[in-house]
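Source file: final_33.cif (mmCIF, C-alpha atoms)
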```cif
data_structure
loop_
_atom_site.group_PDB
_atom_site.id
_atom_site.type_symbol
_atom_site.label_atom_id
_atom_site.label_comp_id
_atom_site.auth_asym_id
_atom_site.auth_seq_id
_atom_site.Cartn_x
_atom_site.Cartn_y
_atom_site.Cartn_z
ATOM 1 C CA MET B 1 30.547 -19.262 -25.235
ATOM 2 C CA LYS B 2 31.335 -16.491 -22.780
ATOM 3 C CA ILE B 3 28.605 -14.334 -21.233
ATOM 4 C CA ARG B 4 29.861 -10.793 -21.796
ATOM 5 C CA THR B 5 29.065 -8.882 -18.626
ATOM 6 C CA VAL B 6 28.982 -5.251 -17.478
ATOM 7 C CA ILE B 7 28.836 -4.129 -13.829
ATOM 8 C CA VAL B 8 27.298 -0.701 -13.125
ATOM 9 C CA ASP B 9 27.326 0.831 -9.646
ATOM 10 C CA ASP B 10 28.362 4.153 -8.130
ATOM 11 C CA GLU B 11 29.906 2.393 -5.105
ATOM 12 C CA PRO B 12 33.386 0.938 -5.842
ATOM 13 C CA LEU B 13 33.053 -1.663 -3.088
ATOM 14 C CA ALA B 14 29.713 -2.850 -4.479
ATOM 15 C CA ILE B 15 31.405 -3.395 -7.839
ATOM 16 C CA GLU B 16 34.176 -5.311 -6.081
ATOM 17 C CA VAL B 17 31.653 -7.614 -4.401
ATOM 18 C CA ILE B 18 30.022 -8.549 -7.718
ATOM 19 C CA GLU B 19 33.381 -8.885 -9.458
ATOM 20 C CA THR B 20 34.685 -11.167 -6.691
ATOM 21 C CA TYR B 21 31.597 -13.370 -6.910
ATOM 22 C CA LEU B 22 31.794 -13.566 -10.703
ATOM 23 C CA LYS B 23 35.357 -14.896 -10.569
ATOM 24 C CA ASN B 24 33.809 -18.211 -9.566
ATOM 25 C CA PHE B 25 32.078 -18.623 -12.944
ATOM 26 C CA SER B 26 34.317 -19.542 -15.844
ATOM 27 C CA ASP B 27 31.627 -18.703 -18.416
ATOM 28 C CA ILE B 28 31.523 -15.029 -17.428
ATOM 29 C CA GLU B 29 33.684 -12.386 -19.101
ATOM 30 C CA ILE B 30 33.590 -8.933 -17.490
ATOM 31 C CA ILE B 31 33.979 -6.431 -20.332
ATOM 32 C CA ALA B 32 33.397 -3.204 -18.366
ATOM 33 C CA LYS B 33 32.914 -1.764 -14.869
ATOM 34 C CA CYS B 34 31.084 1.561 -14.792
ATOM 35 C CA GLY B 35 30.618 4.028 -11.957
ATOM 36 C CA ASP B 36 27.442 5.695 -13.288
ATOM 37 C CA GLY B 37 24.670 5.374 -15.837
ATOM 38 C CA ILE B 38 26.154 7.809 -18.355
ATOM 39 C CA GLN B 39 29.427 5.902 -18.490
ATOM 40 C CA ALA B 40 27.546 2.637 -18.909
ATOM 41 C CA PHE B 41 25.418 4.107 -21.715
ATOM 42 C CA ASN B 42 28.544 5.171 -23.602
ATOM 43 C CA VAL B 43 30.207 1.793 -23.095
ATOM 44 C CA LEU B 44 27.163 -0.061 -24.362
ATOM 45 C CA GLN B 45 27.152 2.006 -27.546
ATOM 46 C CA GLN B 46 30.615 0.628 -28.305
ATOM 47 C CA LYS B 47 30.509 -2.888 -26.881
ATOM 48 C CA LYS B 48 27.982 -5.705 -27.070
ATOM 49 C CA ALA B 49 27.032 -7.065 -23.656
ATOM 50 C CA ASP B 50 24.915 -10.105 -22.819
ATOM 51 C CA LEU B 51 24.404 -9.422 -19.122
ATOM 52 C CA MET B 52 24.465 -6.359 -16.882
ATOM 53 C CA PHE B 53 24.523 -6.100 -13.092
ATOM 54 C CA LEU B 54 22.854 -2.746 -12.617
ATOM 55 C CA ASP B 55 22.483 -0.582 -9.522
ATOM 56 C CA VAL B 56 19.130 1.190 -9.459
ATOM 57 C CA LYS B 57 19.753 4.360 -7.476
ATOM 58 C CA MET B 58 22.650 6.332 -8.959
ATOM 59 C CA PRO B 59 23.241 10.061 -9.438
ATOM 60 C CA GLY B 60 22.438 11.427 -12.863
ATOM 61 C CA LEU B 61 21.067 8.618 -15.016
ATOM 62 C CA ASN B 62 19.707 5.933 -12.696
ATOM 63 C CA GLY B 63 19.521 2.235 -13.475
ATOM 64 C CA THR B 64 15.958 2.034 -14.760
ATOM 65 C CA GLU B 65 16.432 5.175 -16.880
ATOM 66 C CA LEU B 66 19.585 3.661 -18.375
ATOM 67 C CA LEU B 67 17.806 0.445 -19.235
ATOM 68 C CA LYS B 68 14.891 2.281 -20.881
ATOM 69 C CA SER B 69 17.322 4.356 -22.955
ATOM 70 C CA LEU B 70 18.978 1.336 -24.605
ATOM 71 C CA LYS B 71 17.639 0.087 -27.934
ATOM 72 C CA ASN B 72 18.986 -3.447 -27.483
ATOM 73 C CA PRO B 73 19.681 -3.812 -23.764
ATOM 74 C CA PRO B 74 21.463 -6.829 -22.295
ATOM 75 C CA LYS B 75 19.691 -9.021 -19.790
ATOM 76 C CA VAL B 76 19.741 -7.318 -16.410
ATOM 77 C CA ILE B 77 20.114 -8.255 -12.772
ATOM 78 C CA PHE B 78 19.276 -5.230 -10.647
ATOM 79 C CA THR B 79 21.267 -4.593 -7.475
ATOM 80 C CA THR B 80 20.057 -2.098 -4.898
ATOM 81 C CA ALA B 81 19.786 -1.337 -1.194
ATOM 82 C CA TYR B 82 16.111 -0.368 -1.616
ATOM 83 C CA HIS B 83 13.047 -2.636 -1.729
ATOM 84 C CA ASP B 84 10.948 0.029 -3.457
ATOM 85 C CA TYR B 85 12.251 -0.598 -6.969
ATOM 86 C CA ALA B 86 11.555 -4.334 -7.155
ATOM 87 C CA VAL B 87 8.224 -4.093 -8.989
ATOM 88 C CA GLU B 88 9.572 -1.699 -11.616
ATOM 89 C CA GLY B 89 12.633 -3.907 -12.026
ATOM 90 C CA PHE B 90 10.575 -6.967 -12.891
ATOM 91 C CA GLU B 91 8.311 -4.902 -15.160
ATOM 92 C CA LEU B 92 11.477 -4.192 -17.141
ATOM 93 C CA ASN B 93 11.956 -7.940 -17.556
ATOM 94 C CA ALA B 94 14.942 -8.227 -15.248
ATOM 95 C CA LEU B 95 16.334 -11.707 -14.668
ATOM 96 C CA ASP B 96 16.581 -11.059 -10.963
ATOM 97 C CA TYR B 97 16.640 -8.374 -8.282
ATOM 98 C CA LEU B 98 19.365 -8.535 -5.630
ATOM 99 C CA LEU B 99 19.053 -6.598 -2.402
ATOM 100 C CA LYS B 100 22.313 -5.300 -0.935
ATOM 101 C CA PRO B 101 24.284 -6.518 0.871
ATOM 102 C CA VAL B 102 24.223 -9.504 -1.495
ATOM 103 C CA SER B 103 25.201 -12.845 0.037
ATOM 104 C CA PHE B 104 26.999 -15.377 -2.133
ATOM 105 C CA ASP B 105 24.187 -17.914 -1.632
ATOM 106 C CA ARG B 106 21.644 -15.420 -2.990
ATOM 107 C CA PHE B 107 24.007 -14.489 -5.818
ATOM 108 C CA LEU B 108 24.277 -18.160 -6.730
ATOM 109 C CA LYS B 109 20.505 -18.348 -7.203
ATOM 110 C CA ALA B 110 20.649 -15.359 -9.546
ATOM 111 C CA MET B 111 23.384 -17.052 -11.557
ATOM 112 C CA GLU B 112 21.212 -20.140 -11.923
ATOM 113 C CA LYS B 113 18.684 -17.914 -13.715
ATOM 114 C CA VAL B 114 21.467 -16.520 -15.908
ATOM 115 C CA TYR B 115 22.640 -19.984 -16.937
ATOM 116 C CA GLU B 116 19.091 -21.108 -17.594
ATOM 117 C CA HIS B 117 18.338 -18.047 -19.735
ATOM 118 C CA PHE B 118 21.449 -18.465 -21.863
ATOM 119 C CA GLY B 119 20.734 -22.140 -22.441
ATOM 120 C CA PHE B 120 23.545 -23.795 -20.541
ATOM 121 C CA THR B 121 22.617 -27.450 -20.135
ATOM 122 C CA SER B 122 25.361 -28.214 -17.606
ATOM 123 C CA ARG B 123 25.061 -26.750 -14.125
ATOM 124 C CA GLN B 124 28.534 -27.880 -13.069
ATOM 125 C CA ASN B 125 30.021 -24.398 -12.959
ATOM 126 C CA ILE B 126 27.192 -23.150 -10.769
ATOM 127 C CA GLN B 127 27.206 -26.082 -8.386
ATOM 128 C CA THR B 128 30.947 -25.898 -7.823
ATOM 129 C CA GLY B 129 31.103 -22.126 -7.623
ATOM 130 C CA ILE B 130 32.548 -21.155 -4.243
ATOM 131 C CA MET B 131 34.134 -18.108 -2.755
ATOM 132 C CA PRO B 132 37.897 -17.929 -3.301
ATOM 133 C CA ALA B 133 40.034 -19.430 -0.566
ATOM 134 C CA ARG B 134 40.674 -16.982 2.212
ATOM 135 C CA ASN B 135 44.215 -16.323 3.330
ATOM 136 C CA GLN B 136 46.383 -13.582 4.740
ATOM 137 C CA ASP B 137 47.081 -11.983 1.377
ATOM 138 C CA ILE B 138 43.670 -10.399 0.846
ATOM 139 C CA PHE B 139 43.513 -6.713 0.043
ATOM 140 C CA LEU B 140 40.719 -4.169 -0.197
ATOM 141 C CA TYR B 141 40.743 -0.780 -1.862
ATOM 142 C CA LEU B 142 39.003 1.966 0.099
ATOM 143 C CA LYS B 143 38.157 5.361 -1.289
ATOM 144 C CA VAL B 144 39.798 7.867 1.043
ATOM 145 C CA GLU B 145 39.291 11.477 0.019
ATOM 146 C CA ARG B 146 40.183 11.457 -3.704
ATOM 147 C CA LYS B 147 42.249 8.295 -3.981
ATOM 148 C CA MET B 148 41.884 4.530 -3.595
ATOM 149 C CA VAL B 149 43.955 3.209 -0.686
ATOM 150 C CA LYS B 150 45.111 -0.417 -0.578
ATOM 151 C CA VAL B 151 44.406 -2.135 2.756
ATOM 152 C CA ASP B 152 45.719 -5.536 3.824
ATOM 153 C CA VAL B 153 42.842 -7.157 5.737
ATOM 154 C CA LYS B 154 45.212 -8.768 8.232
ATOM 155 C CA ASP B 155 46.063 -5.252 9.478
ATOM 156 C CA ILE B 156 42.451 -4.397 10.328
ATOM 157 C CA LEU B 157 41.588 -4.214 14.038
ATOM 158 C CA TRP B 158 37.994 -3.095 13.712
ATOM 159 C CA ILE B 159 35.615 -1.098 11.509
ATOM 160 C CA GLU B 160 33.212 1.461 12.882
ATOM 161 C CA SER B 161 30.169 2.897 11.103
ATOM 162 C CA GLN B 162 29.832 6.678 11.372
ATOM 163 C CA LYS B 163 26.598 7.595 9.579
ATOM 164 C CA ASP B 164 27.489 7.712 5.864
ATOM 165 C CA TYR B 165 31.140 6.874 6.541
ATOM 166 C CA ILE B 166 33.199 4.081 8.020
ATOM 167 C CA LYS B 167 36.325 4.328 10.148
ATOM 168 C CA VAL B 168 38.766 1.495 9.505
ATOM 169 C CA VAL B 169 41.173 1.108 12.409
ATOM 170 C CA LEU B 170 44.431 -0.568 11.362
ATOM 171 C CA THR B 171 47.468 -1.598 13.354
ATOM 172 C CA ASP B 172 49.305 1.575 12.300
ATOM 173 C CA ARG B 173 46.659 4.108 11.187
ATOM 174 C CA GLU B 174 43.001 4.963 10.789
ATOM 175 C CA LEU B 175 41.164 5.539 7.497
ATOM 176 C CA ILE B 176 37.840 7.290 6.897
ATOM 177 C CA SER B 177 35.917 6.201 3.810
ATOM 178 C CA LYS B 178 32.450 7.060 2.524
ATOM 179 C CA GLN B 179 31.034 3.546 2.402
ATOM 180 C CA LYS B 180 28.343 1.452 4.032
ATOM 181 C CA ILE B 181 29.549 -0.954 6.687
ATOM 182 C CA SER B 182 27.247 -3.633 5.236
ATOM 183 C CA ILE B 183 29.092 -3.510 1.889
ATOM 184 C CA LEU B 184 32.438 -3.941 3.603
ATOM 185 C CA GLU B 185 31.031 -6.814 5.672
ATOM 186 C CA GLU B 186 30.364 -8.743 2.466
ATOM 187 C CA LEU B 187 33.974 -8.324 1.308
ATOM 188 C CA LEU B 188 35.719 -9.442 4.494
ATOM 189 C CA PRO B 189 36.599 -13.107 5.168
ATOM 190 C CA GLU B 190 33.708 -14.267 7.334
ATOM 191 C CA GLU B 191 35.844 -16.708 9.316
ATOM 192 C CA GLU B 192 38.206 -13.892 10.332
ATOM 193 C CA PHE B 193 35.750 -11.047 11.017
ATOM 194 C CA LEU B 194 32.640 -10.737 13.147
ATOM 195 C CA ARG B 195 29.809 -8.199 13.222
ATOM 196 C CA ILE B 196 29.255 -7.488 16.919
ATOM 197 C CA HIS B 197 27.047 -4.412 16.677
ATOM 198 C CA ARG B 198 25.215 -2.478 13.975
ATOM 199 C CA SER B 199 28.154 -0.062 14.105
ATOM 200 C CA PHE B 200 31.109 -2.436 14.610
ATOM 201 C CA ILE B 201 32.894 -5.255 12.787
ATOM 202 C CA ILE B 202 35.954 -6.686 14.528
ATOM 203 C CA SER B 203 38.874 -8.924 13.592
ATOM 204 C CA VAL B 204 38.462 -12.120 15.615
ATOM 205 C CA ASN B 205 42.219 -12.677 15.682
ATOM 206 C CA LYS B 206 42.767 -9.299 17.351
ATOM 207 C CA ILE B 207 40.484 -9.940 20.345
ATOM 208 C CA GLU B 208 42.323 -9.708 23.676
ATOM 209 C CA SER B 209 39.367 -10.367 25.991
ATOM 210 C CA PHE B 210 35.575 -10.501 25.928
ATOM 211 C CA ASN B 211 32.478 -11.045 28.008
ATOM 212 C CA SER B 212 28.759 -11.076 27.272
ATOM 213 C CA SER B 213 28.537 -7.318 26.670
ATOM 214 C CA LYS B 214 31.873 -6.123 25.268
ATOM 215 C CA ILE B 215 35.026 -7.065 23.404
ATOM 216 C CA GLU B 216 38.454 -5.620 24.073
ATOM 217 C CA ILE B 217 40.942 -4.999 21.275
ATOM 218 C CA GLY B 218 44.095 -3.196 22.352
ATOM 219 C CA SER B 219 42.976 -0.541 24.823
ATOM 220 C CA LYS B 220 39.559 -0.160 23.178
ATOM 221 C CA GLU B 221 36.359 -1.703 24.538
ATOM 222 C CA LEU B 222 33.694 -2.274 21.885
ATOM 223 C CA PRO B 223 30.039 -3.023 22.740
ATOM 224 C CA ILE B 224 28.220 -6.174 21.677
ATOM 225 C CA GLY B 225 24.787 -5.216 20.376
ATOM 226 C CA ARG B 226 21.714 -6.937 21.750
ATOM 227 C CA ASN B 227 20.762 -8.359 18.362
ATOM 228 C CA TYR B 228 24.279 -9.742 17.855
ATOM 229 C CA LYS B 229 24.821 -11.458 21.231
ATOM 230 C CA ASN B 230 23.755 -14.946 20.183
ATOM 231 C CA ASP B 231 25.926 -14.967 17.095
ATOM 232 C CA CYS B 232 28.869 -13.563 19.053
ATOM 233 C CA GLN B 233 28.528 -16.223 21.753
ATOM 234 C CA ARG B 234 28.366 -18.979 19.162
ATOM 235 C CA ARG B 235 31.410 -17.727 17.275
ATOM 236 C CA LEU B 236 33.562 -16.815 20.256
ATOM 237 C CA ASN B 237 32.886 -20.032 22.130
ATOM 238 C CA GLN B 238 34.619 -21.856 19.277
ATOM 239 C CA TYR B 239 37.938 -20.328 20.294
#
```

Target encoding C-alpha cells, full file:
Amino acid sequence: MKIRTVIVDDEPLAIEVIETYLKNFSDIEIIAKCGDGIQAFNVLQQKKADLMFLDVKMPGLNGTELLKSLKNPPKVIFTTAYHDYAVEGFELNALDYLLKPVSFDRFLKAMEKVYEHFGFTSRQNIQTGIMPARNQDIFLYLKVERKMVKVDVKDILWIESQKDYIKVVLTDRELISKQKISILEELLPEEEFLRIHRSFIISVNKIESFNSSKIEIGSKELPIGRNYKNDCQRRLNQY
C-alpha cells in the first residue's frame, strides 16, 4: 500500500523541504505538488489522495478554506509559519500541525502519526528514515524574477536576508530571490553551513578567518549575532 500524497504551498522552497523529507519514506507516493489552493482543489477533483501537506496562509483560497470545500478530503498535516492557526487546524481534524521552518526530527514525529492512522504495524521505515547523504552534488532551485535558477550549494559563499528577500552570494555571481532565509536554512547541508546571525548563513568551508564577533569570507566581514555566538564557537572550534 502506498500513501498517495499531495503537497500544497505557495513557496517553492517549502515544497522542496517536504518533498526532500518524504523521500525517506518508501510508503509515500507524491501524486501532486500545488502552488495554491485553487490548483490543489482542481487536482483533488481528478485524483484520489490519502494525505495532504497543506500550507495555511496562501493567496486566494487558503488552506483551511480548501479543506472545508472538499467533500471527501484526505487526511491533512498543516504547515505554516504562524502559530495563530493551530486551534482551527485541529478543529478540522488535522493529523498534525507543523510550524515552519520544519526540522526533520519534528517531521518524523508527524510521520509517526501518519503511519499510525493508516494502520501500519511496522515502524521500520520511520525508525530508519534519515536525511539523504550530503555531498558536493546538491542543488537548489531559487526563484529569481520569473524563472527558477539552479544553484550548486558548493558555490555558495553566504546568504543574506534582506526583508522579504534573500541575497545568495556565489563564487561567480549574486542572486536575489523572494524567500525566507529560514526556509533556505532547512534545505542546506547542516554540516556545511552555519547560521551566524539572524540575517546571515555562511558556508563553513569558505571561511578565511574568524574571531568572537565576525567571520571573514573573501574580502567581506560578516557579523556574528549575539544569540548565535555560542553555537558558532562550538561549531568553529571543531575545525

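Compared by their closest atoms to Ser213 in chain B, and using all atoms listed in the file, the residues B:Cys232, B:Phe200, B:Leu175, B:Ala32 rank with B:Cys232 nearest.
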
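For the set B:Leu61, B:Leu92, B:Ile201, B:Val149, the residue with the smallest atom-to-atom gap to Ile166 in chain B is B:Ile201, counting all atoms listed in the file.
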
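Across the chains present, the PyMOL selection byres ((chain B and resi 188-196) around 7) applied to this file returns Arg134, Leu184, Glu185, Glu186, Leu187, His197, Phe200, Ile201, Ile202, Ser203, Val204, Asn205, Ile224, Gly225, Tyr228 and Cys232 of chain B.
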
Any chance you could work out the residue set of the PyMOL selection byres ((chain B and resi 64-76) around 10) here, as a PyMOL selection string? chain B and resi 4-7+36-38+40-41+44-45+48-58+60-63+77-79+85+88-90+92-97+114+117-118

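When all atoms listed in the file are used to compute distances to Thr80 in chain B, the closest of the residues B:Leu99, B:Ile176, B:Ala110, B:Leu140 turns out to be B:Leu99.
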
Need the shell around Glu174 in chain B: protein/DNA/RNA residues with any atom at most 12 Å away, counting only C-alpha atoms. Skip same-chain ones fewer than 3 positions apart. Format as a PyMOL selection string? chain B and resi 142+144+149+151+155-160+166-171+177

Determine the axis-aligned bounding box of all atoms of range 54-58 of chain B present in the file, pad each side by 8 Å, and express its centre and edge lengths in Å to one decimal place as AutoDock Vina command-line options.
```
--center_x 21.0 --center_y 1.8 --center_z -10.0 --size_x 19.7 --size_y 25.1 --size_z 21.1
```

Looking at B:Lys147, B:Glu116, B:Glu216, B:Phe107, which one is nearest to Leu22 in chain B, with distances taken over all atoms listed in the file? B:Phe107

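Here CA of Asn211 in chain B is placed at a distance of 23.8 Å from CA of Ile181 in chain B.
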
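Compared by their closest atoms to Ile15 in chain B, and using all atoms listed in the file, the residues B:Pro101, B:Asp152, B:Asp231, B:Lys47 rank with B:Pro101 nearest.
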
Translate the PyMOL selection byres ((chain B and resi 1) around 12) into a concrete residue list for this structure, as a PyMOL selection string. chain B and resi 2-4+26-29+50+115+118-120

Identify which of the residues B:Val8, B:Ser199, B:Met111, B:Leu13 lies closest to Gly35 in chain B, counting only C-alpha atoms when measuring atom-to-atom distances. B:Val8

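The two atoms in question, CA of Leu236 in chain B and CA of Phe210 in chain B, are spaced 8.7 Å apart.
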